[in-house]
Amino acid sequence: MILTGKRHRFLGRYTVGFTAEGKITGLIAELYADGGWSMDLSPPVLARAMVHIDNAYYYPHVEIRGRIAKTHKVSNTAFRGFGGPQGMIVGEEILDRIARFLHLSPEVVRERNFYHGEGETNTTHYGQELFDNRILRVWNEVQTQANFAQRQAEIAEFNRANPYQKRGLAITPVKFGISFNKTIYNQAGALILVYTDGSIQLNHGGTEMGQGLHTKMLQVAAKALGVKIDRFRIMPTSTDKVPNTSATAASSGSDLNGQAVKNACETIKARLAPVAARMLNLDAPEDLMFEDNWIFCRTYPSHRVSFDQAVQQAYDSRISLSATGYYRTPNIYWNPASYQGRPFYYFVYSAAVSEVEVDGFTGCFKLRQVDIVHDAGESINPLVDQGQIEGGFVQGMGWLTMEELVWDDQGRLRTFAPSTYKIPTISEVPERFKVHLLERAAQDGVIYGSKAVGEPPLMLAMSVREAIRNAVAEFTDSEPNAVPLAVPSTPEAILDAIERVQIAEDALTRQAVSA
């Protein structure tokens, strides 16, 4: 761990203008990324943070400046979210500060600033218009499923009765762009080999790292060829089969490689269809259906040949049974000089409601319940996606609440062992952890209507930090104008935040008395 780079630490500074209703009218923000001693991936990480500082919110007038700081620590690098989480947490800080300054509910101010409508109010600060905007849809659905209003009342009652333990409830949205920052990486290849016994070898350019990519690629290939999944053998990713592979990153592994696999399968089908048509004495191979290991005419389904028979006949007819597939993401572009363009093929939308209980003596918190609604499009594999959402959320919770990096004056990392570096365990995961995939949500132009699911769930954990902040605010009798809460929100940081809001309250009381 001492030798590896970490997620970039960020400093955000901003000036924001807003109306009495909490609607943002203008923002000037500066983001400083701690790059360490060498550049590594700092520029694209900073770029992703700069284009995600808006999260789900429309800024009418905005100026974002980004800087990379060279320090005497190890070189920092990319991690899940690739700078997006750092930018988005600054955005959420801004919204919460506005809400508390105006003594409005944070969730009300968040909703009032959502992207909405058409044209300018639905266009990002880098010039990309949102099509099929689902922010309000996931927002309303998760509030309903979490019984948000009812639980707010129950928590208020608990807080009145318990002076030393306070509960907080918060809801936060996520809008995350899917595609590589660098346009040239948005491409992928595949290779399909069909053997005369009907077995199929599948090669693609993605790396399986436990996220279920191979499982999804098998499902894509089986659906594309109309055969059952048990005839496939998926091979280890290797550039002697699929050259010039892009990194399996940016949440685009299934999108890019799935389309390449589908492209290769369609080539195979295009070669098999005329063969099957001749075997069936049909004139129009385009009318053929490939389904459940059979090939048949859509208007005469009882007249059919097996996939294996068609493969053998194709071999006998000296027709190639291997095909490469290729895919490049269309209609994306980016001008790195002006920071304008359409860098993302689409956006993933989701929202989370988290409830916490904070101990006023220790600063420790317990996550009591989590409710999530996530837009996965028409999910290829709902169980795989649910696992990614749960894992990403817990990982994000660790980043925001406990995974503190401590460096000494010589730039050496001191938290490099389990004794000094705390990560979430099963005890931090609440028993009531509900994940719901948005229904009737197929996305146009992507692999079988599905959406990426790798990185966006990590940012749902912002709801945990905001819930802690709401609980901290309850340790005063008045509504504080601000609740400064450090990231990560460790027990020490939470105690410090409690002390700050109480000191602020005492100062206001003394002012009132002296007046």
# chains A, B, ... in the order shown; residues from 1 in each chain; ligands from 1

call {"tool": "residues_around", "arguments": {"residues": "range 233-248 of chain A", "least_positions_apart": "5", "cutoff": "9 Å", "atoms": "only C-alpha atoms", "output": "JSON, numbers by chain"}}
result
{"A": [184, 185, 186, 187, 188, 189, 190, 191, 199, 200, 201, 202, 203, 204, 205, 206, 207, 208, 214, 217, 218, 253, 254, 324]}

call {"tool": "select_by_dssp", "arguments": {"residues": "range 318-440 of chain A", "states": "alpha helix (DSSP H)", "output": "PyMOL selection string"}}
result
chain A and resi 382-401

call {"tool": "residues_around", "arguments": {"residues": "Arg80 in chain A", "least_positions_apart": "4", "cutoff": "10 Å", "atoms": "only C-alpha atoms", "output": "VMD selection string"}}
result
chain A and resid 7 84 to 85 249 to 251 392 395 to 396 454 to 459

call {"tool": "write_last_selection", "arguments": {"atoms": "C-alpha atoms", "output": "PDB file, in the first residue's frame"}}
result
ATOM      1  CA  ARG A   7      -7.371   8.774  -4.828  1.00  0.00           C
ATOM      2  CA  GLY A  84     -16.235  12.498 -10.328  1.00  0.00           C
ATOM      3  CA  PRO A  85     -16.801  11.846  -6.589  1.00  0.00           C
ATOM      4  CA  ALA A 249     -12.683   1.404 -16.802  1.00  0.00           C
ATOM      5  CA  ALA A 250     -15.035   4.389 -16.931  1.00  0.00           C
ATOM      6  CA  SER A 251     -17.955   2.014 -16.224  1.00  0.00           C
ATOM      7  CA  GLY A 392     -20.074   0.587  -4.725  1.00  0.00           C
ATOM      8  CA  GLN A 395     -17.004   1.478  -0.816  1.00  0.00           C
ATOM      9  CA  GLY A 396     -18.161   5.085  -1.120  1.00  0.00           C
ATOM     10  CA  GLY A 454     -19.718   0.229 -12.138  1.00  0.00           C
ATOM     11  CA  GLU A 455     -18.888   3.697 -10.822  1.00  0.00           C
ATOM     12  CA  PRO A 456     -22.142   5.647 -10.264  1.00  0.00           C
ATOM     13  CA  PRO A 457     -23.250   3.749  -7.106  1.00  0.00           C
ATOM     14  CA  LEU A 458     -20.157   4.906  -5.200  1.00  0.00           C
ATOM     15  CA  MET A 459     -21.477   8.472  -5.202  1.00  0.00           C
TER      16      MET A 459
END

call {"tool": "atom_distance", "arguments": {"atom1": "CA of Thr77 in chain A", "atom2": "CA of Leu405 in chain A"}}
result
14.4 Å

call {"tool": "closest_residue", "arguments": {"among": "A:Arg167, A:Arg13, A:Arg67, A:His125", "to": "Leu367 in chain A", "atoms": "only C-alpha atoms"}}
result
A:Arg167

call {"tool": "atom_distance", "arguments": {"atom1": "CA of Ala352 in chain A", "atom2": "CA of Thr420 in chain A"}}
result
29.6 Å

call {"tool": "residues_around", "arguments": {"residues": "Lys434 in chain A", "least_positions_apart": "2", "cutoff": "7 Å", "atoms": "only C-alpha atoms", "output": "list in words"}}
result
Val370, Asp371, Ile372, Arg432 and His436 of chain A

call {"tool": "closest_residue", "arguments": {"among": "A:Leu46, A:Ile332, A:Leu460, A:Val227", "to": "Glu291 in chain A", "atoms": "only C-alpha atoms"}}
result
A:Val227

call {"tool": "residues_around", "arguments": {"residues": "range 129-132 of chain A", "least_positions_apart": "3", "cutoff": "9 Å", "atoms": "only C-alpha atoms", "output": "PyMOL selection string"}}
result
chain A and resi 115-116+118-124+342+346-347+443

call {"tool": "atom_distance", "arguments": {"atom1": "CA of Val142 in chain A", "atom2": "CA of Gly168 in chain A"}}
result
16.7 Å

call {"tool": "residues_around", "arguments": {"residues": "Arg48 in chain A", "least_positions_apart": "3", "cutoff": "9 Å", "atoms": "only C-alpha atoms", "output": "list in words"}}
result
Pro43, Pro44, Val45, Val51, His52, Ile53, Gly81, Phe82, Gly83, Gly84, Gly87 and Asn181 of chain A

call {"tool": "write_last_selection", "arguments": {"atoms": "C-alpha atoms", "output": "short mmCIF file (atom, residue, chain, number, x, y, z; two decimals), in the first residue's frame"}}
result
data_model
loop_
_atom_site.label_atom_id
_atom_site.label_comp_id
_atom_site.auth_asym_id
_atom_site.auth_seq_id
_atom_site.Cartn_x
_atom_site.Cartn_y
_atom_site.Cartn_z
CA PRO A 43 -5.14 15.81 -15.60
CA PRO A 44 -8.04 13.54 -16.64
CA VAL A 45 -9.02 12.98 -12.99
CA VAL A 51 -17.40 18.36 -15.37
CA HIS A 52 -19.12 16.60 -12.45
CA ILE A 53 -19.15 19.42 -9.93
CA GLY A 81 -15.34 7.42 -10.08
CA PHE A 82 -12.15 8.90 -11.58
CA GLY A 83 -12.46 12.36 -10.03
CA GLY A 84 -16.24 12.50 -10.33
CA GLY A 87 -16.22 17.16 -7.80
CA ASN A 181 -12.81 11.44 -20.93
#

call {"tool": "closest_atom_pairs", "arguments": {"of": "range 336-414 of chain A", "to": "range 461-480 of chain A", "cutoff": "6 Å", "atoms": "only C-alpha atoms", "output": "Markdown table"}}
result
| residue | atom | partner | partner_atom | distance |
| --- | --- | --- | --- | --- |
| A:Ser354 | CA | A:Val464 | CA | 5.5 |
| A:Phe393 | CA | A:Ala461 | CA | 5.3 |
| A:Gly396 | CA | A:Ala461 | CA | 5.2 |
| A:Met397 | CA | A:Ala461 | CA | 5.0 |

call {"tool": "residues_around", "arguments": {"residues": "Arg298 in chain A", "least_positions_apart": "2", "cutoff": "8 Å", "atoms": "only C-alpha atoms", "output": "list in words"}}
result
Asp287, Leu288, Met289, Phe296, Tyr300 and Pro301 of chain A

call {"tool": "select_by_dssp", "arguments": {"residues": "range 289-478 of chain A", "states": "strand (DSSP E or B)", "output": "PyMOL selection string"}}
result
chain A and resi 289-291+294-297+300-306+322-328+333-335+340-342+346-359+365-374+377+407+413+432-437+450

call {"tool": "decode", "arguments": {"residues": "range 353-383 of chain A", "atoms": "N, CA and C atoms", "output": "PDB file, in the first residue's frame"}}
result
ATOM      1  N   VAL A 353     -31.456   7.239  -0.141  1.00  0.00           N
ATOM      2  CA  VAL A 353     -31.886   7.760   1.153  1.00  0.00           C
ATOM      3  C   VAL A 353     -31.146   6.975   2.228  1.00  0.00           C
ATOM      4  N   SER A 354     -30.447   7.674   3.105  1.00  0.00           N
ATOM      5  CA  SER A 354     -29.705   7.024   4.184  1.00  0.00           C
ATOM      6  C   SER A 354     -30.135   7.601   5.525  1.00  0.00           C
ATOM      7  N   GLU A 355     -30.214   6.718   6.513  1.00  0.00           N
ATOM      8  CA  GLU A 355     -30.534   7.126   7.883  1.00  0.00           C
ATOM      9  C   GLU A 355     -29.400   6.694   8.806  1.00  0.00           C
ATOM     10  N   VAL A 356     -28.933   7.612   9.638  1.00  0.00           N
ATOM     11  CA  VAL A 356     -27.848   7.321  10.568  1.00  0.00           C
ATOM     12  C   VAL A 356     -28.248   7.710  11.983  1.00  0.00           C
ATOM     13  N   GLU A 357     -27.522   7.156  12.940  1.00  0.00           N
ATOM     14  CA  GLU A 357     -27.632   7.574  14.338  1.00  0.00           C
ATOM     15  C   GLU A 357     -26.240   7.902  14.840  1.00  0.00           C
ATOM     16  N   VAL A 358     -26.073   9.103  15.387  1.00  0.00           N
ATOM     17  CA  VAL A 358     -24.777   9.598  15.836  1.00  0.00           C
ATOM     18  C   VAL A 358     -24.753   9.659  17.351  1.00  0.00           C
ATOM     19  N   ASP A 359     -23.675   9.145  17.941  1.00  0.00           N
ATOM     20  CA  ASP A 359     -23.465   9.192  19.389  1.00  0.00           C
ATOM     21  C   ASP A 359     -22.732  10.486  19.728  1.00  0.00           C
ATOM     22  N   GLY A 360     -23.333  11.312  20.552  1.00  0.00           N
ATOM     23  CA  GLY A 360     -22.756  12.603  20.890  1.00  0.00           C
ATOM     24  C   GLY A 360     -21.538  12.537  21.780  1.00  0.00           C
ATOM     25  N   PHE A 361     -21.312  11.395  22.422  1.00  0.00           N
ATOM     26  CA  PHE A 361     -20.139  11.252  23.288  1.00  0.00           C
ATOM     27  C   PHE A 361     -18.910  10.778  22.520  1.00  0.00           C
ATOM     28  N   THR A 362     -19.094   9.885  21.564  1.00  0.00           N
ATOM     29  CA  THR A 362     -17.955   9.278  20.867  1.00  0.00           C
ATOM     30  C   THR A 362     -17.770   9.789  19.445  1.00  0.00           C
ATOM     31  N   GLY A 363     -18.822  10.357  18.848  1.00  0.00           N
ATOM     32  CA  GLY A 363     -18.754  10.751  17.444  1.00  0.00           C
ATOM     33  C   GLY A 363     -18.961   9.592  16.486  1.00  0.00           C
ATOM     34  N   CYS A 364     -19.170   8.411  17.012  1.00  0.00           N
ATOM     35  CA  CYS A 364     -19.404   7.243  16.151  1.00  0.00           C
ATOM     36  C   CYS A 364     -20.824   7.307  15.584  1.00  0.00           C
ATOM     37  N   PHE A 365     -21.002   6.731  14.409  1.00  0.00           N
ATOM     38  CA  PHE A 365     -22.331   6.693  13.816  1.00  0.00           C
ATOM     39  C   PHE A 365     -22.667   5.265  13.419  1.00  0.00           C
ATOM     40  N   LYS A 366     -23.948   4.992  13.344  1.00  0.00           N
ATOM     41  CA  LYS A 366     -24.433   3.703  12.857  1.00  0.00           C
ATOM     42  C   LYS A 366     -25.363   3.975  11.692  1.00  0.00           C
ATOM     43  N   LEU A 367     -25.118   3.288  10.592  1.00  0.00           N
ATOM     44  CA  LEU A 367     -25.987   3.399   9.424  1.00  0.00           C
ATOM     45  C   LEU A 367     -27.171   2.469   9.625  1.00  0.00           C
ATOM     46  N   ARG A 368     -28.346   3.037   9.780  1.00  0.00           N
ATOM     47  CA  ARG A 368     -29.525   2.259  10.153  1.00  0.00           C
ATOM     48  C   ARG A 368     -30.266   1.690   8.944  1.00  0.00           C
ATOM     49  N   GLN A 369     -30.362   2.467   7.876  1.00  0.00           N
ATOM     50  CA  GLN A 369     -31.140   1.999   6.717  1.00  0.00           C
ATOM     51  C   GLN A 369     -30.690   2.742   5.466  1.00  0.00           C
ATOM     52  N   VAL A 370     -30.711   2.020   4.345  1.00  0.00           N
ATOM     53  CA  VAL A 370     -30.380   2.594   3.046  1.00  0.00           C
ATOM     54  C   VAL A 370     -31.437   2.159   2.037  1.00  0.00           C
ATOM     55  N   ASP A 371     -31.931   3.108   1.271  1.00  0.00           N
ATOM     56  CA  ASP A 371     -32.853   2.833   0.166  1.00  0.00           C
ATOM     57  C   ASP A 371     -32.278   3.471  -1.088  1.00  0.00           C
ATOM     58  N   ILE A 372     -32.193   2.682  -2.163  1.00  0.00           N
ATOM     59  CA  ILE A 372     -31.588   3.144  -3.405  1.00  0.00           C
ATOM     60  C   ILE A 372     -32.514   2.826  -4.572  1.00  0.00           C
ATOM     61  N   VAL A 373     -32.659   3.788  -5.473  1.00  0.00           N
ATOM     62  CA  VAL A 373     -33.267   3.538  -6.781  1.00  0.00           C
ATOM     63  C   VAL A 373     -32.214   3.904  -7.818  1.00  0.00           C
ATOM     64  N   HIS A 374     -31.868   2.932  -8.648  1.00  0.00           N
ATOM     65  CA  HIS A 374     -30.768   3.109  -9.603  1.00  0.00           C
ATOM     66  C   HIS A 374     -31.266   2.850 -11.018  1.00  0.00           C
ATOM     67  N   ASP A 375     -30.830   3.710 -11.918  1.00  0.00           N
ATOM     68  CA  ASP A 375     -31.196   3.607 -13.330  1.00  0.00           C
ATOM     69  C   ASP A 375     -30.150   2.761 -14.056  1.00  0.00           C
ATOM     70  N   ALA A 376     -30.434   1.479 -14.206  1.00  0.00           N
ATOM     71  CA  ALA A 376     -29.539   0.573 -14.935  1.00  0.00           C
ATOM     72  C   ALA A 376     -30.051   0.284 -16.337  1.00  0.00           C
ATOM     73  N   GLY A 377     -31.026   1.086 -16.795  1.00  0.00           N
ATOM     74  CA  GLY A 377     -31.628   0.807 -18.089  1.00  0.00           C
ATOM     75  C   GLY A 377     -32.403  -0.500 -18.028  1.00  0.00           C
ATOM     76  N   GLU A 378     -32.314  -1.282 -19.102  1.00  0.00           N
ATOM     77  CA  GLU A 378     -32.880  -2.636 -19.123  1.00  0.00           C
ATOM     78  C   GLU A 378     -31.739  -3.575 -18.748  1.00  0.00           C
ATOM     79  N   SER A 379     -31.615  -3.870 -17.464  1.00  0.00           N
ATOM     80  CA  SER A 379     -30.443  -4.581 -16.948  1.00  0.00           C
ATOM     81  C   SER A 379     -30.227  -5.923 -17.635  1.00  0.00           C
ATOM     82  N   ILE A 380     -28.988  -6.176 -18.058  1.00  0.00           N
ATOM     83  CA  ILE A 380     -28.644  -7.479 -18.632  1.00  0.00           C
ATOM     84  C   ILE A 380     -28.679  -8.555 -17.563  1.00  0.00           C
ATOM     85  N   ASN A 381     -28.197  -8.226 -16.373  1.00  0.00           N
ATOM     86  CA  ASN A 381     -28.164  -9.181 -15.267  1.00  0.00           C
ATOM     87  C   ASN A 381     -28.461  -8.434 -13.972  1.00  0.00           C
ATOM     88  N   PRO A 382     -29.708  -8.401 -13.518  1.00  0.00           N
ATOM     89  CA  PRO A 382     -30.073  -7.622 -12.336  1.00  0.00           C
ATOM     90  C   PRO A 382     -29.310  -8.012 -11.073  1.00  0.00           C
ATOM     91  N   LEU A 383     -28.994  -9.296 -10.894  1.00  0.00           N
ATOM     92  CA  LEU A 383     -28.264  -9.699  -9.693  1.00  0.00           C
ATOM     93  C   LEU A 383     -26.849  -9.166  -9.692  1.00  0.00           C
TER      94      LEU A 383
END
